[in-house]
$ cat query03.pdb   # PDB, C-alpha atoms and all ligand atoms
MODEL        1
ATOM      1  CA  MET A   1      30.609  -4.426   5.727
ATOM      2  CA  PHE A   2      34.001  -5.441   7.021
ATOM      3  CA  SER A   3      33.995  -7.741  10.009
ATOM      4  CA  LEU A   4      36.050  -7.317  13.143
ATOM      5  CA  ASN A   5      37.797  -9.997  15.101
ATOM      6  CA  LYS A   6      37.317 -10.289  18.860
ATOM      7  CA  ALA A   7      40.268  -8.069  19.759
ATOM      8  CA  GLY A   8      39.125  -5.455  17.276
ATOM      9  CA  ARG A   9      35.671  -5.401  18.783
ATOM     10  CA  LEU A  10      37.061  -5.090  22.278
ATOM     11  CA  LEU A  11      39.277  -2.189  21.269
ATOM     12  CA  LEU A  12      36.312  -0.512  19.643
ATOM     13  CA  GLU A  13      34.273  -0.951  22.820
ATOM     14  CA  ILE A  14      37.021   0.639  24.892
ATOM     15  CA  LEU A  15      37.326   3.578  22.529
ATOM     16  CA  TYR A  16      33.610   4.020  21.975
ATOM     17  CA  PRO A  17      31.589   2.611  24.865
ATOM     18  CA  GLY A  18      28.051   1.805  23.782
ATOM     19  CA  ARG A  19      24.874   3.220  25.212
ATOM     20  CA  CYS A  20      21.936   1.307  26.598
ATOM     21  CA  PRO A  21      18.942   1.530  24.227
ATOM     22  CA  VAL A  22      16.522   1.933  27.146
ATOM     23  CA  CYS A  23      18.105   4.479  29.539
ATOM     24  CA  ASP A  24      20.772   5.776  27.117
ATOM     25  CA  GLY A  25      23.382   5.369  29.875
ATOM     26  CA  ILE A  26      26.938   4.277  29.058
ATOM     27  CA  LEU A  27      27.483   0.535  29.094
ATOM     28  CA  ALA A  28      30.437  -0.838  31.009
ATOM     29  CA  LEU A  29      32.939  -3.018  29.219
ATOM     30  CA  GLY A  30      31.603  -6.545  28.892
ATOM     31  CA  GLU A  31      28.098  -5.474  29.912
ATOM     32  CA  GLY A  32      26.774  -6.289  26.461
ATOM     33  CA  TYR A  33      24.446  -4.110  24.426
ATOM     34  CA  ILE A  34      21.862  -3.289  27.126
ATOM     35  CA  HIS A  35      21.669  -3.037  30.937
ATOM     36  CA  LYS A  36      20.236  -6.241  32.311
ATOM     37  CA  ASP A  37      17.607  -4.388  34.350
ATOM     38  CA  CYS A  38      16.670  -2.144  31.468
ATOM     39  CA  ALA A  39      16.025  -5.058  29.095
ATOM     40  CA  GLY A  40      13.052  -6.099  31.222
ATOM     41  CA  SER A  41      11.354  -2.720  30.991
ATOM     42  CA  LEU A  42      10.548  -3.108  27.294
ATOM     43  CA  LYS A  43       7.197  -4.736  26.702
ATOM     44  CA  ARG A  44       7.403  -7.677  24.318
ATOM     45  CA  VAL A  45       4.765  -9.072  22.027
ATOM     46  CA  GLY A  46       3.499 -12.132  23.884
ATOM     47  CA  PRO A  47       3.107 -15.712  22.664
ATOM     48  CA  HIS A  48      -0.367 -15.036  21.226
ATOM     49  CA  TYR A  49      -0.195 -12.963  18.100
ATOM     50  CA  CYS A  50      -2.085 -12.282  14.885
ATOM     51  CA  MET A  51      -1.301 -14.852  12.172
ATOM     52  CA  LYS A  52      -1.083 -12.055   9.645
ATOM     53  CA  CYS A  53       0.700  -9.047  11.115
ATOM     54  CA  GLY A  54       2.198 -10.361  14.352
ATOM     55  CA  ARG A  55       0.355  -7.902  16.600
ATOM     56  CA  PRO A  56      -0.722  -9.421  19.924
ATOM     57  CA  VAL A  57      -4.318 -10.568  19.932
ATOM     58  CA  LEU A  58      -6.678  -9.650  22.724
ATOM     59  CA  LYS A  59      -8.227 -13.094  22.969
ATOM     60  CA  GLU A  60      -5.906 -16.038  23.130
ATOM     61  CA  GLU A  61      -7.948 -18.039  20.647
ATOM     62  CA  ALA A  62      -8.154 -15.265  18.021
ATOM     63  CA  VAL A  63      -6.373 -15.988  14.731
ATOM     64  CA  TYR A  64      -6.354 -12.430  13.414
ATOM     65  CA  CYS A  65      -6.178  -9.095  15.213
ATOM     66  CA  SER A  66      -9.019  -6.617  14.856
ATOM     67  CA  PHE A  67      -7.076  -4.709  12.177
ATOM     68  CA  CYS A  68      -6.392  -7.729   9.967
ATOM     69  CA  LYS A  69      -9.967  -8.926  10.230
ATOM     70  CA  GLU A  70     -10.998  -5.734   8.482
ATOM     71  CA  GLU A  71      -8.136  -5.132   6.118
ATOM     72  CA  LYS A  72      -6.123  -7.085   3.612
ATOM     73  CA  HIS A  73      -2.352  -6.848   3.588
ATOM     74  CA  ASP A  74       0.048  -7.261   0.685
ATOM     75  CA  PHE A  75       2.589  -9.049   2.848
ATOM     76  CA  ASP A  76       1.953 -12.626   3.977
ATOM     77  CA  ARG A  77       3.190 -12.829   7.548
ATOM     78  CA  GLY A  78       4.560 -10.427  10.119
ATOM     79  CA  VAL A  79       6.715 -10.589  13.203
ATOM     80  CA  SER A  80       7.494  -7.874  15.707
ATOM     81  CA  VAL A  81       9.513  -7.968  18.932
ATOM     82  CA  TYR A  82       8.180  -5.142  21.123
ATOM     83  CA  MET A  83       5.084  -3.121  21.746
ATOM     84  CA  TYR A  84       5.528   0.424  20.491
ATOM     85  CA  LYS A  85       4.934   2.293  23.734
ATOM     86  CA  GLY A  86       6.660   3.697  26.820
ATOM     87  CA  ASP A  87      10.445   3.275  26.839
ATOM     88  CA  MET A  88      10.345   1.715  23.381
ATOM     89  CA  LYS A  89       8.847   4.862  21.882
ATOM     90  CA  ASN A  90      11.583   7.049  23.382
ATOM     91  CA  SER A  91      14.255   4.588  22.378
ATOM     92  CA  VAL A  92      13.161   4.456  18.729
ATOM     93  CA  TYR A  93      13.070   8.232  18.713
ATOM     94  CA  ARG A  94      16.701   8.478  19.868
ATOM     95  CA  PHE A  95      17.715   5.645  17.537
ATOM     96  CA  LYS A  96      16.473   7.659  14.564
ATOM     97  CA  TYR A  97      16.833  11.276  15.499
ATOM     98  CA  ALA A  98      19.689  11.377  18.032
ATOM     99  CA  ASN A  99      22.075   9.282  15.963
ATOM    100  CA  ARG A 100      22.006   6.252  18.271
ATOM    101  CA  GLN A 101      22.990   3.862  15.496
ATOM    102  CA  GLU A 102      24.548   1.555  18.092
ATOM    103  CA  TYR A 103      21.083   0.538  19.346
ATOM    104  CA  ALA A 104      20.824  -1.556  16.188
ATOM    105  CA  ARG A 105      23.237  -4.091  17.647
ATOM    106  CA  TYR A 106      20.886  -5.095  20.443
ATOM    107  CA  TYR A 107      17.672  -4.580  18.533
ATOM    108  CA  GLY A 108      18.958  -6.387  15.451
ATOM    109  CA  ARG A 109      19.808  -9.403  17.588
ATOM    110  CA  GLU A 110      16.393  -9.454  19.207
ATOM    111  CA  LEU A 111      14.680  -9.139  15.860
ATOM    112  CA  ALA A 112      16.846 -11.891  14.373
ATOM    113  CA  ALA A 113      15.920 -14.173  17.275
ATOM    114  CA  ALA A 114      12.225 -13.427  16.768
ATOM    115  CA  ILE A 115      12.473 -14.250  13.061
ATOM    116  CA  ALA A 116      14.440 -17.443  13.758
ATOM    117  CA  ALA A 117      11.741 -18.564  16.197
ATOM    118  CA  ARG A 118       9.107 -18.402  13.477
ATOM    119  CA  ARG A 119       8.886 -21.718  11.632
ATOM    120  CA  ASP A 120       6.696 -20.125   8.978
ATOM    121  CA  MET A 121       9.492 -17.731   8.005
ATOM    122  CA  ARG A 122      12.298 -20.222   7.555
ATOM    123  CA  ASP A 123      12.149 -20.103   3.766
ATOM    124  CA  ALA A 124      13.221 -16.442   3.638
ATOM    125  CA  GLN A 125      15.963 -15.864   1.073
ATOM    126  CA  LEU A 126      16.514 -12.135   1.057
ATOM    127  CA  ILE A 127      16.298  -9.184   3.440
ATOM    128  CA  VAL A 128      15.084  -5.854   2.101
ATOM    129  CA  PRO A 129      15.073  -2.847   4.448
ATOM    130  CA  VAL A 130      12.348  -0.253   3.905
ATOM    131  CA  PRO A 131      14.304   2.457   2.072
ATOM    132  CA  LEU A 132      14.456   6.120   2.984
ATOM    133  CA  HIS A 133      14.152   8.818   0.375
ATOM    134  CA  PRO A 134      17.697   9.945  -0.647
ATOM    135  CA  ASP A 135      17.081  13.450   0.775
ATOM    136  CA  LYS A 136      16.144  12.012   4.139
ATOM    137  CA  LEU A 137      19.070   9.605   4.086
ATOM    138  CA  LEU A 138      21.420  12.491   3.446
ATOM    139  CA  LYS A 139      19.941  14.446   6.336
ATOM    140  CA  ARG A 140      19.909  11.574   8.837
ATOM    141  CA  GLY A 141      23.090   9.939   7.620
ATOM    142  CA  PHE A 142      21.792   6.401   7.967
ATOM    143  CA  ASN A 143      18.736   4.260   7.452
ATOM    144  CA  GLN A 144      17.692   2.634  10.733
ATOM    145  CA  ALA A 145      15.891  -0.186   8.896
ATOM    146  CA  GLU A 146      19.098  -0.977   7.028
ATOM    147  CA  LEU A 147      21.118  -1.067  10.267
ATOM    148  CA  LEU A 148      18.655  -3.593  11.694
ATOM    149  CA  GLY A 149      18.749  -5.529   8.430
ATOM    150  CA  GLU A 150      22.558  -5.725   8.536
ATOM    151  CA  GLU A 151      22.502  -7.323  11.973
ATOM    152  CA  ILE A 152      19.791  -9.789  11.008
ATOM    153  CA  SER A 153      21.603 -10.631   7.804
ATOM    154  CA  SER A 154      24.882 -11.446   9.522
ATOM    155  CA  LEU A 155      23.235 -13.414  12.322
ATOM    156  CA  LEU A 156      20.800 -15.452  10.247
ATOM    157  CA  LYS A 157      23.057 -15.690   7.188
ATOM    158  CA  ILE A 158      20.382 -14.333   4.883
ATOM    159  CA  PRO A 159      21.720 -11.878   2.287
ATOM    160  CA  MET A 160      20.457  -8.288   2.344
ATOM    161  CA  ASP A 161      19.865  -6.056  -0.649
ATOM    162  CA  ALA A 162      19.386  -2.433   0.379
ATOM    163  CA  GLU A 163      19.365  -1.213  -3.230
ATOM    164  CA  LEU A 164      16.648  -3.480  -4.585
ATOM    165  CA  VAL A 165      13.750  -1.239  -3.582
ATOM    166  CA  ARG A 166      14.181   2.514  -3.868
ATOM    167  CA  ARG A 167      12.118   5.320  -2.460
ATOM    168  CA  VAL A 168      11.550   7.517  -5.457
ATOM    169  CA  ARG A 169       9.046   9.965  -4.044
ATOM    170  CA  ALA A 170       9.395  12.047  -0.889
ATOM    171  CA  THR A 171       6.289  11.473   1.202
ATOM    172  CA  ARG A 172       4.729  13.235   4.142
ATOM    173  CA  ALA A 173       5.434  11.782   7.586
ATOM    174  CA  GLN A 174       3.010   8.906   8.019
ATOM    175  CA  LYS A 175       2.415   9.617  11.671
ATOM    176  CA  GLU A 176       0.373  12.701  10.817
ATOM    177  CA  LEU A 177      -2.030  10.710   8.669
ATOM    178  CA  GLY A 178      -4.997   8.375   9.013
ATOM    179  CA  ALA A 179      -5.124   4.873   7.497
ATOM    180  CA  TYR A 180      -6.642   5.878   4.150
ATOM    181  CA  GLU A 181      -4.345   8.872   3.748
ATOM    182  CA  ARG A 182      -1.323   6.740   4.611
ATOM    183  CA  ARG A 183      -1.998   4.469   1.670
ATOM    184  CA  LYS A 184      -2.610   7.380  -0.664
ATOM    185  CA  ASN A 185       0.548   9.100   0.555
ATOM    186  CA  LEU A 186       2.646   6.069  -0.380
ATOM    187  CA  LYS A 187       1.325   5.586  -3.913
ATOM    188  CA  LYS A 188       4.236   5.252  -6.324
ATOM    189  CA  ALA A 189       6.686   5.958  -3.486
ATOM    190  CA  PHE A 190       8.737   2.817  -4.115
ATOM    191  CA  LYS A 191      10.352   1.308  -7.179
ATOM    192  CA  ILE A 192      12.390  -1.801  -7.914
ATOM    193  CA  GLY A 193      16.007  -0.859  -8.645
ATOM    194  CA  GLN A 194      16.861  -3.737 -10.981
ATOM    195  CA  ASN A 195      14.375  -5.602 -13.110
ATOM    196  CA  ASP A 196      16.143  -8.893 -13.646
ATOM    197  CA  VAL A 197      16.051 -10.108 -10.048
ATOM    198  CA  LYS A 198      14.906 -13.602  -9.226
ATOM    199  CA  LEU A 199      12.826 -13.297  -6.091
ATOM    200  CA  ASN A 200      11.029 -15.888  -4.110
ATOM    201  CA  THR A 201      10.631 -15.159  -0.409
ATOM    202  CA  VAL A 202      11.630 -11.785   1.000
ATOM    203  CA  ILE A 203      11.720 -10.327   4.510
ATOM    204  CA  VAL A 204      11.018  -6.593   4.598
ATOM    205  CA  VAL A 205      12.568  -4.951   7.668
ATOM    206  CA  ASP A 206      11.455  -1.720   9.326
ATOM    207  CA  ASP A 207      11.599  -0.114  12.765
ATOM    208  CA  ILE A 208       7.912   0.490  13.500
ATOM    209  CA  PHE A 209       4.712  -1.160  12.337
ATOM    210  CA  THR A 210       1.635   1.025  12.764
ATOM    211  CA  THR A 211      -1.005   0.285  10.136
ATOM    212  CA  GLY A 212       1.388  -1.688   7.941
ATOM    213  CA  SER A 213       0.779   0.547   4.924
ATOM    214  CA  THR A 214       4.492   1.179   4.287
ATOM    215  CA  ILE A 215       5.412  -2.501   4.272
ATOM    216  CA  ASP A 216       2.290  -3.240   2.229
ATOM    217  CA  GLU A 217       3.475  -0.868  -0.457
ATOM    218  CA  VAL A 218       7.007  -2.327  -0.482
ATOM    219  CA  ALA A 219       5.514  -5.844  -0.577
ATOM    220  CA  ARG A 220       3.271  -4.891  -3.483
ATOM    221  CA  VAL A 221       6.250  -3.636  -5.506
ATOM    222  CA  LEU A 222       8.260  -6.780  -4.667
ATOM    223  CA  LYS A 223       5.389  -9.052  -5.706
ATOM    224  CA  GLU A 224       4.969  -7.148  -8.926
ATOM    225  CA  ALA A 225       8.628  -7.964  -9.588
ATOM    226  CA  GLY A 226       7.969 -11.652  -8.994
ATOM    227  CA  ALA A 227       8.359 -12.252  -5.252
ATOM    228  CA  LYS A 228       6.120 -15.121  -4.150
ATOM    229  CA  ARG A 229       5.979 -14.400  -0.448
ATOM    230  CA  VAL A 230       6.828 -11.332   1.606
ATOM    231  CA  TYR A 231       7.284 -11.263   5.373
ATOM    232  CA  ALA A 232       7.289  -8.166   7.543
ATOM    233  CA  ALA A 233       9.821  -7.975  10.368
ATOM    234  CA  THR A 234       9.638  -4.907  12.580
ATOM    235  CA  LEU A 235      11.198  -3.933  15.853
ATOM    236  CA  ALA A 236       8.041  -2.553  17.446
ATOM    237  CA  ILE A 237       4.337  -2.702  16.713
ATOM    238  CA  GLY A 238       1.362  -0.556  17.742
ATOM    239  CA  ALA A 239      -1.072  -1.848  20.344
ATOM    240  CA  PRO A 240      -4.207  -3.730  19.284
ATOM    241  CA  LYS A 241      -7.495  -1.854  19.426
TER     242      LYS A 241
HETATM  243 ZN    ZN A 301      19.957   1.056  30.732
HETATM  244 ZN    ZN A 302      -3.054  -8.469  12.458
ENDMDL
END
$ encode --input "query03.pdb" --output "structure tokens" --more "lines below"
Ligand SMILES: [Zn+2]
Ligand SMILES: [Zn+2]
Amino acid sequence: MFSLNKAGRLLLEILYPGRCPVCDGILALGEGYIHKDCAGSLKRVGPHYCMKCGRPVLKEEAVYCSFCKEEKHDFDRGVSVYMYKGDMKNSVYRFKYANRQEYARYYGRELAAAIAARRDMRDAQLIVPVPLHPDKLLKRGFNQAELLGEEISSLLKIPMDAELVRRVRATRAQKELGAYERRKNLKKAFKIGQNDVKLNTVIVVDDIFTTGSTIDEVARVLKEAGAKRVYAATLAIGAPK
């Protein structure tokens, strides 16, 4: 990625005014990446979250959410910024399917801040976005996880490698499937691109965390290649049950 100076950015904003990720309205010059009032309408994960996946916990004193009490994950820790509901759901939909790549600027910053606030994630050395299958990438034109990863990488000064893990098998859309089927659907879906990588602690970035099966599968492949710890960083996470 090339980087723009201040004047370049300003010129770009004049030529291509950004849109607000919540209401999709045009942002005025100097308004930033979101309307002030709109920012408050997105529901954030509160201060009490699951030690494993980052989902809010129903009882303040709970260490793990009801999902993580029942199921093991291949990643070690997770962080998420928003609850996946209401305006967030619509926003993620436009981000992915209506070519609103610009939303990544605001969301990437929020996600970077959430990661930076986590003391237990400070040893992260590499960012790996969850890859799309090449056919899907060609159709969509971009990988939303990679856009988020780029922002996080430049803000937190952690390198990103978007080629390290590849999606080698086209899979069915996860949202149609139950937990067991999700895992089965992802079997052998990912592969490490190079074999000689030295990995220690990796942050896997994605847009939505539902059951965690996608990040689990990426984490499993990374650990097989020698990664010691894998963190999950997602923009939005499903509600606790
Ligand atoms: Zn707005
Ligand atoms: Zn959990």
$ resolve_selection --input "query03.pdb" --expression "the PyMOL selection byres (((chain A and resi 61) around 12) and not hetatm)" --output "CSV table (one decimal) with C-alpha atoms, in the frame of the given file"
chain,number,residue,atom,x,y,z
A,47,PRO,CA,3.1,-15.7,22.7
A,48,HIS,CA,-0.4,-15.0,21.2
A,49,TYR,CA,-0.2,-13.0,18.1
A,50,CYS,CA,-2.1,-12.3,14.9
A,51,MET,CA,-1.3,-14.9,12.2
A,56,PRO,CA,-0.7,-9.4,19.9
A,57,VAL,CA,-4.3,-10.6,19.9
A,58,LEU,CA,-6.7,-9.6,22.7
A,59,LYS,CA,-8.2,-13.1,23.0
A,60,GLU,CA,-5.9,-16.0,23.1
A,62,ALA,CA,-8.2,-15.3,18.0
A,63,VAL,CA,-6.4,-16.0,14.7
A,64,TYR,CA,-6.4,-12.4,13.4
A,65,CYS,CA,-6.2,-9.1,15.2
$ atom_distance --input "query03.pdb" --atom1 "CA of Arg220 in chain A" --atom2 "CA of Cys53 in chain A"
15.4 Å
$ closest_residue --input "query03.pdb" --among "A:Gln125, A:Asn90, A:Gln101, A:Asn143" --to "Arg229 in chain A" --atoms "all atoms listed in the file"
A:Gln125
$ closest_residue --input "query03.pdb" --among "A:Val168, A:Ile192, A:Val79, A:Ala179" --to "Asp206 in chain A" --atoms "all atoms listed in the file"
A:Val79
$ closest_residue --input "query03.pdb" --among "A:Cys68, A:Ala7, A:Leu138, A:Leu132" --to "ligand ZN 302 (chain A)" --atoms "all atoms listed in the file"
A:Cys68
$ residues_around --input "query03.pdb" --residues "Gly238 in chain A" --least-positions-apart "2" --cutoff "10 Å" --atoms "all atoms listed in the file" --output "number ranges by chain"
A: 55-56, 80, 82-85, 208-212, 236, 240-241
$ write_last_selection --input "query03.pdb" --atoms "C-alpha atoms" --output "compact mmCIF listing (two decimals), in the frame of the given file"
# COMPACT_ATOMS: atom_id res chain seq x y z
CA ARG A 55 0.36 -7.90 16.60
CA PRO A 56 -0.72 -9.42 19.92
CA SER A 80 7.49 -7.87 15.71
CA TYR A 82 8.18 -5.14 21.12
CA MET A 83 5.08 -3.12 21.75
CA TYR A 84 5.53 0.42 20.49
CA LYS A 85 4.93 2.29 23.73
CA ILE A 208 7.91 0.49 13.50
CA PHE A 209 4.71 -1.16 12.34
CA THR A 210 1.64 1.02 12.76
CA THR A 211 -1.00 0.28 10.14
CA GLY A 212 1.39 -1.69 7.94
CA ALA A 236 8.04 -2.55 17.45
CA PRO A 240 -4.21 -3.73 19.28
CA LYS A 241 -7.50 -1.85 19.43
$ closest_residue --input "query03.pdb" --among "A:Ala104, A:Ala124, A:Met88, A:Leu177" --to "Phe142 in chain A" --atoms "all atoms listed in the file"
A:Ala104
$ closest_residue --input "query03.pdb" --among "A:Thr214, A:Phe75, A:Glu102, A:Gly178" --to "Lys228 in chain A" --atoms "only C-alpha atoms"
A:Phe75
$ atom_distance --input "query03.pdb" --atom1 "CA of Ala39 in chain A" --atom2 "CA of Lys6 in chain A"
24.2 Å
$ residues_around --input "query03.pdb" --residues "Asp161 in chain A" --least-positions-apart "2" --cutoff "12 Å" --atoms "only C-alpha atoms" --output "ChimeraX atom specification"
/A:125-131,145-146,149-150,153,158-159,163-166,192-194,197,199,202-205
$ atom_distance --input "query03.pdb" --atom1 "CA of Ala219 in chain A" --atom2 "CA of Asn185 in chain A"
15.8 Å
$ axis_aligned_box --input "query03.pdb" --around "range 105-110 of chain A" --padding-each-side "3 Å" --output "JSON"
{"center_x": 19.8, "center_y": -6.8, "center_z": 17.9, "size_x": 12.8, "size_y": 11.4, "size_z": 11.0}
$ decode --input "query03.pdb" --residues "range 155-179 of chain A" --atoms "N, CA and C atoms" --output "compact mmCIF listing (two decimals), in the first residue's frame"
# COMPACT_ATOMS: atom_id res chain seq x y z
N LEU A 155 -1.97 1.00 11.82
CA LEU A 155 -2.15 1.72 13.08
C LEU A 155 -1.33 1.11 14.22
N LEU A 156 -1.30 -0.19 14.29
CA LEU A 156 -0.59 -0.85 15.40
C LEU A 156 0.84 -1.25 15.05
N LYS A 157 1.21 -1.00 13.79
CA LYS A 157 2.57 -1.33 13.33
C LYS A 157 2.89 -2.81 13.51
N ILE A 158 1.90 -3.62 13.18
CA ILE A 158 2.11 -5.08 13.16
C ILE A 158 2.01 -5.49 11.70
N PRO A 159 3.01 -6.19 11.16
CA PRO A 159 2.93 -6.55 9.74
C PRO A 159 1.75 -7.49 9.44
N MET A 160 1.23 -7.40 8.21
CA MET A 160 0.16 -8.29 7.79
C MET A 160 0.65 -9.17 6.65
N ASP A 161 0.24 -10.41 6.65
CA ASP A 161 0.53 -11.30 5.54
C ASP A 161 -0.78 -11.91 5.06
N ALA A 162 -1.27 -11.39 3.93
CA ALA A 162 -2.56 -11.85 3.40
C ALA A 162 -2.40 -13.07 2.49
N GLU A 163 -1.15 -13.49 2.28
CA GLU A 163 -0.91 -14.64 1.39
C GLU A 163 -0.57 -15.90 2.19
N LEU A 164 -0.31 -15.72 3.47
CA LEU A 164 0.18 -16.85 4.27
C LEU A 164 -0.82 -18.01 4.32
N VAL A 165 -2.08 -17.67 4.56
CA VAL A 165 -3.11 -18.72 4.58
C VAL A 165 -3.98 -18.54 3.33
N ARG A 166 -4.19 -19.62 2.63
CA ARG A 166 -5.01 -19.57 1.41
C ARG A 166 -6.27 -20.41 1.58
N ARG A 167 -7.33 -19.95 0.93
CA ARG A 167 -8.55 -20.73 0.93
C ARG A 167 -8.51 -21.58 -0.33
N VAL A 168 -8.36 -22.87 -0.16
CA VAL A 168 -8.14 -23.73 -1.31
C VAL A 168 -9.41 -24.45 -1.76
N ARG A 169 -10.43 -24.39 -0.91
CA ARG A 169 -11.66 -25.10 -1.27
C ARG A 169 -12.83 -24.12 -1.13
N ALA A 170 -13.66 -24.07 -2.16
CA ALA A 170 -14.87 -23.23 -2.07
C ALA A 170 -15.83 -23.93 -1.12
N THR A 171 -16.38 -23.19 -0.19
CA THR A 171 -17.26 -23.79 0.80
C THR A 171 -18.65 -23.16 0.70
N ARG A 172 -19.61 -23.87 1.25
CA ARG A 172 -20.97 -23.30 1.28
C ARG A 172 -20.99 -22.14 2.26
N ALA A 173 -21.95 -21.23 2.09
CA ALA A 173 -22.06 -20.10 3.02
C ALA A 173 -22.35 -20.64 4.42
N GLN A 174 -21.55 -20.23 5.37
CA GLN A 174 -21.66 -20.74 6.73
C GLN A 174 -23.01 -20.40 7.38
N LYS A 175 -23.56 -19.27 6.97
CA LYS A 175 -24.78 -18.83 7.66
C LYS A 175 -25.97 -19.78 7.48
N GLU A 176 -25.88 -20.64 6.47
CA GLU A 176 -26.98 -21.60 6.26
C GLU A 176 -26.84 -22.82 7.15
N LEU A 177 -25.70 -22.95 7.83
CA LEU A 177 -25.39 -24.21 8.51
C LEU A 177 -25.38 -24.13 10.02
N GLY A 178 -25.60 -25.30 10.64
CA GLY A 178 -25.50 -25.41 12.10
C GLY A 178 -24.04 -25.59 12.51
N ALA A 179 -23.80 -25.63 13.84
CA ALA A 179 -22.42 -25.65 14.35
C ALA A 179 -21.61 -26.84 13.83
